[in-house]
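A.B. asks: File target.txt below, compact mmCIF, C-alpha atoms:
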```txt
# COMPACT_ATOMS: atom_id res chain seq x y z
CA MET G 1 -48.11 5.62 -5.16
CA THR G 2 -50.81 3.44 -6.73
CA GLY G 3 -51.20 0.07 -5.06
CA MET G 4 -50.67 -3.26 -6.78
CA THR G 5 -53.26 -5.12 -4.76
CA ALA G 6 -56.04 -5.08 -7.36
CA PRO G 7 -54.55 -5.48 -10.81
CA THR G 8 -57.07 -5.23 -13.61
CA GLN G 9 -57.08 -4.96 -17.38
CA SER G 10 -56.98 -1.19 -17.71
CA THR G 11 -59.56 0.64 -19.77
CA ALA G 12 -57.54 3.84 -19.47
CA ILE G 13 -56.34 5.61 -22.59
CA PRO G 14 -52.82 4.62 -23.67
CA LEU G 15 -50.20 7.34 -23.42
CA THR G 16 -47.03 7.40 -25.51
CA LEU G 17 -44.23 9.74 -24.47
CA LEU G 18 -42.07 10.91 -27.37
CA THR G 19 -38.76 12.19 -26.07
CA GLY G 20 -35.32 12.89 -27.47
CA PHE G 21 -32.57 15.47 -27.29
CA LEU G 22 -32.68 18.83 -29.03
CA GLY G 23 -32.66 18.53 -32.82
CA SER G 24 -33.10 14.75 -32.88
CA GLY G 25 -36.10 14.91 -35.21
CA LYS G 26 -39.16 14.56 -32.98
CA THR G 27 -41.27 17.06 -34.93
CA THR G 28 -40.26 15.59 -38.29
CA LEU G 29 -41.31 12.22 -36.91
CA LEU G 30 -44.68 13.61 -35.82
CA ASN G 31 -45.27 14.90 -39.33
CA ARG G 32 -44.89 11.34 -40.63
CA LEU G 33 -46.86 9.70 -37.84
CA LEU G 34 -49.96 11.84 -37.57
CA PRO G 35 -51.49 11.09 -40.99
CA GLN G 36 -51.25 7.34 -40.40
CA PRO G 37 -54.56 5.59 -39.64
CA ALA G 38 -52.87 3.38 -37.02
CA LEU G 39 -52.88 6.28 -34.57
CA GLY G 40 -56.67 6.40 -34.66
CA GLN G 41 -58.30 9.27 -32.82
CA CYS G 42 -55.23 10.72 -31.14
CA ALA G 43 -54.57 13.77 -29.00
CA VAL G 44 -51.09 15.17 -29.47
CA ILE G 45 -49.56 17.46 -26.88
CA ILE G 46 -46.35 19.31 -27.65
CA ASN G 47 -44.76 20.35 -24.39
CA GLU G 48 -43.20 23.56 -25.67
CA LEU G 49 -44.69 26.49 -27.51
CA GLY G 50 -43.20 28.05 -30.60
CA ALA G 51 -42.68 26.98 -34.18
CA ILE G 52 -43.70 23.33 -34.16
CA GLY G 53 -43.77 22.73 -37.89
CA LEU G 54 -47.15 21.02 -38.12
CA ASP G 55 -49.10 23.82 -39.80
CA HIS G 56 -49.71 21.87 -43.00
CA LEU G 57 -51.65 19.28 -40.99
CA PHE G 58 -54.02 21.76 -39.37
CA VAL G 59 -57.45 22.31 -40.88
CA LYS G 60 -58.99 24.62 -38.31
CA THR G 61 -58.52 26.01 -34.85
CA SER G 62 -60.93 25.34 -32.03
CA ARG G 63 -62.31 28.02 -29.76
CA ASP G 64 -59.12 27.71 -27.74
CA GLU G 65 -56.29 28.91 -29.94
CA THR G 66 -53.86 26.45 -28.35
CA ILE G 67 -55.80 23.51 -29.84
CA ALA G 68 -55.88 22.70 -33.55
CA LEU G 69 -57.83 19.99 -35.31
CA LEU G 70 -56.02 17.82 -37.83
CA GLU G 71 -57.15 16.39 -41.13
CA ASN G 72 -57.57 12.89 -39.71
CA GLY G 73 -59.82 14.06 -36.88
CA CYS G 74 -57.06 14.09 -34.28
CA LEU G 75 -56.18 17.20 -32.32
CA CYS G 76 -52.95 18.89 -31.35
CA CYS G 77 -52.18 21.41 -28.66
CA GLY G 78 -49.09 23.16 -27.35
CA VAL G 79 -48.33 23.85 -23.70
CA ARG G 80 -45.32 25.23 -21.86
CA ASP G 81 -46.33 24.58 -18.24
CA GLU G 82 -48.88 22.56 -16.27
CA LEU G 83 -48.76 19.51 -18.51
CA ALA G 84 -50.92 17.33 -16.25
CA ALA G 85 -53.54 20.09 -16.00
CA THR G 86 -53.60 20.36 -19.79
CA VAL G 87 -54.22 16.62 -20.14
CA ALA G 88 -56.97 16.71 -17.51
CA ASP G 89 -58.59 19.65 -19.30
CA LEU G 90 -58.58 17.71 -22.58
CA PHE G 91 -60.42 14.87 -20.88
CA GLU G 92 -63.04 17.29 -19.54
CA ARG G 93 -63.58 18.83 -22.99
CA ARG G 94 -63.76 15.35 -24.49
CA ALA G 95 -66.47 14.41 -22.00
CA ARG G 96 -68.44 17.55 -22.91
CA GLY G 97 -68.14 16.84 -26.62
CA GLU G 98 -66.18 20.02 -27.32
CA ILE G 99 -63.29 18.16 -28.97
CA PRO G 100 -63.03 14.81 -30.81
CA ALA G 101 -63.27 11.71 -28.63
CA PHE G 102 -59.58 10.83 -28.75
CA GLU G 103 -58.58 7.27 -27.88
CA ARG G 104 -54.85 7.75 -27.49
CA LEU G 105 -52.44 10.37 -26.14
CA LEU G 106 -49.06 11.21 -27.64
CA ILE G 107 -46.94 13.72 -25.77
CA GLU G 108 -43.77 15.24 -27.24
CA THR G 109 -41.48 16.65 -24.58
CA THR G 110 -38.99 19.43 -24.93
CA GLY G 111 -35.53 18.22 -25.91
CA LEU G 112 -34.05 18.96 -22.49
CA ALA G 113 -36.70 17.10 -20.52
CA ARG G 114 -35.87 14.10 -18.37
CA PRO G 115 -38.61 11.50 -19.01
CA GLY G 116 -38.89 10.25 -15.42
CA PRO G 117 -40.29 13.42 -13.84
CA VAL G 118 -42.68 13.93 -16.78
CA ILE G 119 -44.16 10.44 -16.46
CA SER G 120 -44.29 10.71 -12.66
CA LEU G 121 -46.14 14.00 -12.95
CA LEU G 122 -48.70 12.59 -15.38
CA LEU G 123 -49.33 9.19 -13.84
CA GLY G 124 -49.25 10.54 -10.30
CA ASP G 125 -51.81 13.29 -10.88
CA ALA G 126 -55.04 12.62 -8.99
CA ALA G 127 -57.17 14.12 -11.78
CA LEU G 128 -55.74 11.60 -14.26
CA GLU G 129 -55.91 8.50 -12.08
CA GLY G 130 -57.57 5.69 -14.02
CA ARG G 131 -57.77 7.83 -17.17
CA VAL G 132 -54.34 7.23 -18.68
CA ARG G 133 -51.85 4.39 -18.69
CA LEU G 134 -48.30 4.42 -19.94
CA ASP G 135 -48.08 2.56 -23.24
CA GLY G 136 -44.42 3.32 -23.83
CA ILE G 137 -41.55 5.78 -23.89
CA VAL G 138 -40.18 6.36 -27.39
CA THR G 139 -36.86 8.18 -27.69
CA THR G 140 -35.30 9.69 -30.80
CA VAL G 141 -31.51 9.65 -31.05
CA ASP G 142 -29.74 11.65 -33.75
CA ALA G 143 -27.49 9.22 -35.64
CA LYS G 144 -25.10 12.05 -36.58
CA HIS G 145 -24.79 13.84 -33.25
CA GLY G 146 -26.20 11.32 -30.75
CA ALA G 147 -22.87 9.82 -29.64
CA ALA G 148 -21.52 13.21 -28.59
CA GLN G 149 -24.80 14.15 -26.91
CA LEU G 150 -24.76 10.97 -24.84
CA VAL G 151 -21.30 11.89 -23.57
CA ARG G 152 -22.03 15.54 -22.82
CA HIS G 153 -25.64 15.64 -21.64
CA GLU G 154 -27.18 13.71 -18.77
CA GLU G 155 -30.65 14.41 -20.19
CA SER G 156 -29.72 12.57 -23.38
CA ARG G 157 -28.45 9.56 -21.41
CA GLN G 158 -31.60 9.39 -19.31
CA GLN G 159 -33.83 9.70 -22.38
CA ALA G 160 -32.08 6.75 -24.00
CA ALA G 161 -31.79 4.70 -20.83
CA VAL G 162 -35.50 4.62 -19.96
CA ALA G 163 -36.83 4.19 -23.52
CA ASP G 164 -39.01 1.27 -24.61
CA ARG G 165 -38.14 2.05 -28.24
CA ILE G 166 -35.13 3.94 -29.56
CA LEU G 167 -35.49 5.57 -32.97
CA LEU G 168 -32.21 6.25 -34.75
CA THR G 169 -33.00 9.31 -36.84
CA LYS G 170 -31.06 10.76 -39.79
CA VAL G 171 -29.28 7.46 -40.43
CA GLU G 172 -28.99 8.45 -44.08
CA LEU G 173 -26.43 11.06 -43.03
CA VAL G 174 -23.86 8.76 -41.40
CA GLU G 175 -21.51 5.97 -42.42
CA ALA G 176 -22.31 2.40 -41.39
CA SER G 177 -19.32 2.27 -39.05
CA ALA G 178 -20.42 5.37 -37.13
CA LEU G 179 -23.95 4.04 -36.85
CA ALA G 180 -22.64 0.71 -35.53
CA GLU G 181 -20.63 2.46 -32.82
CA LEU G 182 -23.66 4.49 -31.74
CA GLU G 183 -25.78 1.35 -31.63
CA ALA G 184 -23.19 -0.40 -29.48
CA SER G 185 -23.22 2.53 -27.08
CA LEU G 186 -27.02 2.47 -26.88
CA GLU G 187 -26.99 -1.31 -26.46
CA ALA G 188 -24.80 -0.92 -23.40
CA LEU G 189 -26.91 1.93 -22.02
CA ASN G 190 -30.29 0.27 -22.68
CA PRO G 191 -30.08 -3.33 -23.93
CA ALA G 192 -33.81 -3.86 -23.45
CA ALA G 193 -35.00 -1.29 -25.99
CA PRO G 194 -35.30 -2.31 -29.65
CA ARG G 195 -33.60 0.18 -31.96
CA ILE G 196 -35.30 1.20 -35.19
CA ALA G 197 -33.47 3.01 -37.99
CA VAL G 198 -35.46 5.96 -39.36
CA ARG G 199 -34.59 7.43 -42.75
CA ASN G 200 -35.99 10.84 -43.68
CA GLY G 201 -38.39 10.59 -40.77
CA GLU G 202 -40.29 7.66 -42.30
CA ILE G 203 -41.60 5.07 -39.86
CA ASP G 204 -44.61 2.81 -39.49
CA ALA G 205 -46.67 4.02 -36.52
CA THR G 206 -47.47 0.45 -35.48
CA HIS G 207 -43.86 0.06 -34.29
CA LEU G 208 -44.51 2.64 -31.58
CA LEU G 209 -47.93 1.58 -30.32
CA ASP G 210 -49.26 -1.06 -27.94
CA ILE G 211 -45.89 -1.72 -26.35
CA LEU G 212 -47.53 -3.27 -23.30
CA THR G 213 -48.69 -6.37 -25.16
CA PRO G 214 -47.30 -9.90 -24.83
CA ARG G 215 -45.68 -9.61 -28.26
CA ASP G 216 -43.77 -6.46 -27.36
CA LEU G 217 -42.89 -7.29 -23.75
CA ARG G 218 -40.17 -9.76 -24.67
CA PRO G 219 -37.41 -7.24 -25.58
CA TRP G 220 -37.45 -5.36 -22.29
CA LEU G 221 -37.47 -8.55 -20.23
CA ARG G 222 -33.83 -9.07 -21.15
CA ALA G 223 -31.24 -6.78 -19.61
CA GLU G 224 -27.93 -8.00 -21.00
CA PRO G 225 -26.50 -6.78 -24.33
CA ALA G 226 -27.24 -9.10 -27.22
CA THR G 227 -23.74 -8.66 -28.71
CA PRO G 228 -21.29 -11.15 -27.13
CA ARG G 229 -18.56 -9.30 -25.23
CA LYS G 230 -15.80 -11.51 -26.65
CA LEU G 231 -16.58 -10.35 -30.18
CA MET G 232 -16.15 -6.68 -29.35
CA THR G 233 -12.98 -4.66 -29.78
CA PRO G 234 -11.60 -3.55 -26.37
CA MET G 235 -12.85 -0.13 -25.26
CA ARG G 236 -15.10 0.31 -28.25
CA GLY G 237 -18.85 -0.16 -28.60
CA ALA G 238 -20.58 -1.31 -25.42
CA ALA G 239 -17.36 -1.50 -23.40
CA ALA G 240 -16.51 2.10 -24.23
CA SER G 241 -20.07 3.16 -23.42
CA ARG G 242 -19.88 1.62 -19.96
CA ALA G 243 -16.60 3.43 -19.37
CA THR G 244 -18.14 6.71 -20.58
CA HIS G 245 -21.50 6.32 -18.82
CA PRO G 246 -20.71 4.42 -15.59
CA ASP G 247 -23.50 6.20 -13.75
CA ILE G 248 -26.36 4.37 -15.51
CA ASP G 249 -26.89 0.62 -15.23
CA SER G 250 -29.68 -1.81 -16.10
CA PHE G 251 -30.22 -5.31 -14.81
CA CYS G 252 -32.94 -7.91 -14.40
CA LEU G 253 -33.96 -9.87 -11.31
CA SER G 254 -36.02 -13.02 -11.72
CA TYR G 255 -37.88 -15.30 -9.30
CA ALA G 256 -39.02 -18.76 -10.34
CA GLN G 257 -41.70 -19.27 -7.71
CA PRO G 258 -44.91 -17.22 -7.44
CA LEU G 259 -44.50 -14.23 -5.14
CA PRO G 260 -46.81 -12.57 -2.59
CA MET G 261 -47.95 -9.36 -4.26
CA GLN G 262 -48.17 -7.33 -1.06
CA ALA G 263 -44.57 -8.11 -0.09
CA LEU G 264 -43.23 -7.08 -3.48
CA GLU G 265 -45.32 -3.92 -3.40
CA THR G 266 -43.93 -3.02 0.01
CA ALA G 267 -40.37 -3.62 -1.12
CA LEU G 268 -40.79 -1.49 -4.24
CA THR G 269 -42.49 1.24 -2.20
CA VAL G 270 -39.51 1.41 0.14
CA LEU G 271 -37.01 1.39 -2.73
CA LEU G 272 -38.79 4.15 -4.64
CA GLY G 273 -39.36 6.14 -1.47
CA TYR G 274 -35.70 6.13 -0.46
CA HIS G 275 -33.98 5.90 -3.85
CA GLY G 276 -36.56 7.19 -6.33
CA GLU G 277 -34.28 9.85 -7.75
CA GLN G 278 -31.73 7.18 -8.63
CA ILE G 279 -34.20 4.58 -9.90
CA LEU G 280 -34.93 6.01 -13.33
CA ARG G 281 -37.34 3.21 -14.10
CA VAL G 282 -38.44 -0.21 -12.92
CA LYS G 283 -40.70 -2.41 -15.00
CA GLY G 284 -41.63 -6.01 -14.67
CA ILE G 285 -43.97 -8.89 -15.16
CA GLY G 286 -45.18 -10.74 -12.10
CA HIS G 287 -46.38 -14.24 -11.28
CA PHE G 288 -48.23 -13.66 -8.05
CA ILE G 289 -49.81 -16.06 -5.57
CA GLY G 290 -53.55 -16.28 -6.22
CA GLU G 291 -53.31 -14.73 -9.69
CA SER G 292 -53.70 -16.96 -12.73
CA ARG G 293 -52.67 -14.26 -15.22
CA PRO G 294 -49.43 -12.27 -15.46
CA VAL G 295 -49.34 -8.73 -14.10
CA VAL G 296 -47.26 -5.98 -15.71
CA PHE G 297 -46.18 -2.96 -13.68
CA HIS G 298 -44.05 0.19 -14.05
CA GLY G 299 -42.30 2.41 -11.56
CA VAL G 300 -40.83 5.79 -12.44
CA GLN G 301 -38.87 7.73 -9.83
CA GLN G 302 -41.10 7.75 -6.69
CA LEU G 303 -44.21 6.46 -8.45
CA LEU G 304 -45.41 2.90 -8.97
CA HIS G 305 -48.16 3.05 -11.56
CA GLU G 306 -51.37 1.03 -11.65
CA PRO G 307 -50.60 -2.53 -12.80
CA LEU G 308 -52.00 -4.15 -15.90
CA LYS G 309 -53.24 -7.73 -15.97
CA LEU G 310 -52.53 -9.50 -19.28
CA GLU G 311 -54.56 -12.25 -20.87
CA GLN G 312 -51.47 -14.38 -21.49
CA TRP G 313 -47.73 -14.62 -20.87
CA PRO G 314 -45.40 -13.19 -23.51
CA ASP G 315 -43.28 -16.36 -23.57
CA ASP G 316 -42.86 -19.76 -21.93
CA ASP G 317 -41.03 -18.27 -18.96
CA HIS G 318 -43.62 -17.72 -16.21
CA SER G 319 -41.18 -16.37 -13.65
CA THR G 320 -41.42 -12.92 -12.10
CA ARG G 321 -38.93 -10.61 -13.81
CA LEU G 322 -38.02 -7.10 -12.68
CA VAL G 323 -35.96 -4.79 -14.89
CA PHE G 324 -34.28 -1.88 -13.10
CA ILE G 325 -32.64 1.13 -14.75
CA VAL G 326 -30.65 3.01 -12.14
CA GLN G 327 -28.28 5.96 -11.97
CA GLY G 328 -25.54 6.03 -9.34
CA LEU G 329 -27.15 3.23 -7.29
CA ASP G 330 -25.54 -0.14 -6.64
CA ARG G 331 -27.74 -3.08 -7.57
CA SER G 332 -26.95 -4.73 -4.22
CA VAL G 333 -29.15 -2.11 -2.51
CA ILE G 334 -32.11 -3.24 -4.58
CA GLU G 335 -31.38 -6.95 -4.25
CA GLU G 336 -30.99 -6.77 -0.47
CA THR G 337 -34.17 -4.73 0.00
CA LEU G 338 -36.26 -7.12 -2.10
CA THR G 339 -34.74 -10.15 -0.35
CA HIS G 340 -35.53 -8.69 3.08
CA PHE G 341 -39.23 -8.09 2.45
CA LEU G 342 -39.78 -11.30 0.50
CA ARG G 343 -38.11 -13.40 3.19
CA GLU G 344 -40.31 -11.77 5.82
CA ALA G 345 -43.26 -12.97 3.72
CA GLY G 346 -41.90 -16.50 3.65
CA VAL G 347 -40.11 -16.49 0.28
CA ALA G 348 -36.84 -18.35 0.76
CA GLU G 349 -35.71 -18.10 -2.84
CA SER G 350 -33.19 -15.44 -3.84
CA ALA G 351 -33.36 -13.55 -7.09
CA VAL G 352 -31.33 -14.57 -10.10
CA THR G 353 -29.56 -11.55 -11.58
CA SER G 354 -28.75 -10.99 -15.22
```
Using structure tokens, write down the structure from this file.
C.D. replies:
Amino acid sequence: MTGMTAPTQSTAIPLTLLTGFLGSGKTTLLNRLLPQPALGQCAVIINELGAIGLDHLFVKTSRDETIALLENGCLCCGVRDELAATVADLFERRARGEIPAFERLLIETTGLARPGPVISLLLGDAALEGRVRLDGIVTTVDAKHGAAQLVRHEESRQQAAVADRILLTKVELVEASALAELEASLEALNPAAPRIAVRNGEIDATHLLDILTPRDLRPWLRAEPATPRKLMTPMRGAAASRATHPDIDSFCLSYAQPLPMQALETALTVLLGYHGEQILRVKGIGHFIGESRPVVFHGVQQLLHEPLKLEQWPDDDHSTRLVFIVQGLDRSVIEETLTHFLREAGVAESAVTS
């Protein structure tokens, strides 16, 4: 685990993870994204070999046949295994000038991948320490088949639950009522992630970049569904989703007073160490004693990634807020663990849960 004791503004390259269940349109999305200037010099890694449908974007192949250069100067490579080693190798080739000096990483996972282990593998790899930082998890959900996939496949639920952005693909193929029901289900599963409708794969790349900025932090600092419960039909929408997916929950803990960073780090270390498999993701913004600027941090499974110090707060609320996404774990376990370590450090205040 990376410590939180020396938060700094990271100079590491931002990494975007593009995930989504089989057939949800990830490759179609890539075709629309890659020509856009907003991506800049980008390295794209597709974590499965085979027909990837990007041939029309390739202009030449490098000396390694797994790497292809794109028209906009970006590069793309396919890999089946050893993802972290592939990323580290790209950095080495970049340093030697063998490939373009990419400034961003975009990784598309296979449709059956669970995002947590992939991120843990990448951010926990010693060869990549200080080189990459998580900029966001973007998940595609098929508007036509997504509701059924969420019911049947745990991978689909995890992909949606941990996302920072949810892209509703193929919305042109469904009726408004069906789309509304899917959105209500996703709202219950992950109320913190903005949902963006994508028609024919068209989307502005800027919606998926620089998620860890004050402007884009606000959505995931709320954990309750935006739709009032009293306006919802019983056992439909969010209520039905909670009945169908009772194993995944999200909630936010907030502390008004500044916290001791070491105590919070210890508490999160213990939680991730004992319950990492059930803590799909934890993310938060901290107001710490001795720090004048807010600190953003992410935990995925057993890994707490290097924190990021921001220049300013995303809103007028300067409290510490922790968003947990858990599977099969009661929130009281997390609340009691945090309370124990913070009280030992002299923090008398209890968390406010939402």
A.B. asks: I'd like the neighbourhood of Gly346 of chain G as a VMD selection string, where a residue qualifies if any of its atoms comes within 10 Å (using only C-alpha atoms), though same-chain residues fewer than 3 positions away should be ignored.
C.D. replies: chain G and resid 259 to 260 263 341 to 343 349
A.B. asks: One decimal, in Å: what's the spacing between atom CA of Asp249 of chain G and atom CA of Leu280 of chain G?
C.D. replies: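 That distance, rounded to one decimal, is 9.9 Å.
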A.B. asks: Between G:Thr139, G:Thr213, G:Ser292, G:Thr339, which has the minimum distance to Leu271 of chain G (counting all atoms listed in the file)?
C.D. replies: G:Thr339
A.B. asks: List as a list in words the residues having at least one atom at most 6 Å from position (-46.8, -2.8, -26.5) as given in the file, counting all atoms listed in the file.
C.D. replies: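 Using all atoms listed in the file, the matching residues come out as Leu209, Asp210, Ile211, Leu212, Thr213 and Asp216 of chain G.
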A.B. asks: Would you write out those residues with C-alpha atoms, as an mmCIF file, in the coordinates of the input?
C.D. replies:
```cif
data_model
loop_
_atom_site.group_PDB
_atom_site.id
_atom_site.type_symbol
_atom_site.label_atom_id
_atom_site.label_comp_id
_atom_site.auth_asym_id
_atom_site.auth_seq_id
_atom_site.Cartn_x
_atom_site.Cartn_y
_atom_site.Cartn_z
ATOM 1 C CA LEU G 209 -47.930 1.580 -30.320
ATOM 2 C CA ASP G 210 -49.260 -1.060 -27.940
ATOM 3 C CA ILE G 211 -45.890 -1.720 -26.350
ATOM 4 C CA LEU G 212 -47.530 -3.270 -23.300
ATOM 5 C CA THR G 213 -48.690 -6.370 -25.160
ATOM 6 C CA ASP G 216 -43.770 -6.460 -27.360
#
```
A.B. asks: Leaving out Ile248 of chain G and any residue of its chain fewer than 3 positions from it, which residues lie within 7 Å of it when counting only C-alpha atoms, given as number ranges by chain?
C.D. replies: G: 189, 245, 326-328
A.B. asks: Any idea what the distance is between atom CA of Arg321 of chain G and atom CA of Leu167 of chain G?
C.D. replies: 25.3 Å
A.B. asks: Could you list, as a ChimeraX atom specification, every residue within 8 Å of Phe324 of chain G, counting only C-alpha atoms and ignoring same-chain residues fewer than 5 positions away?
C.D. replies: /G:250-252,279-283
A.B. asks: (-48.8, 0.1, -16.8) in this file's frame - what residues fall within 7 Å of it? Use all atoms listed in the file and give the answer as an MDAnalysis selection string.
C.D. replies: chainID G and resid 133:135 296:298 305:308
A.B. asks: Hey, can you check how far atom CA of Ala192 of chain G sits from atom CA of Val333 of chain G?
C.D. replies: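 Separation of atom CA of Ala192 of chain G and atom CA of Val333 of chain G: 21.5 Å.
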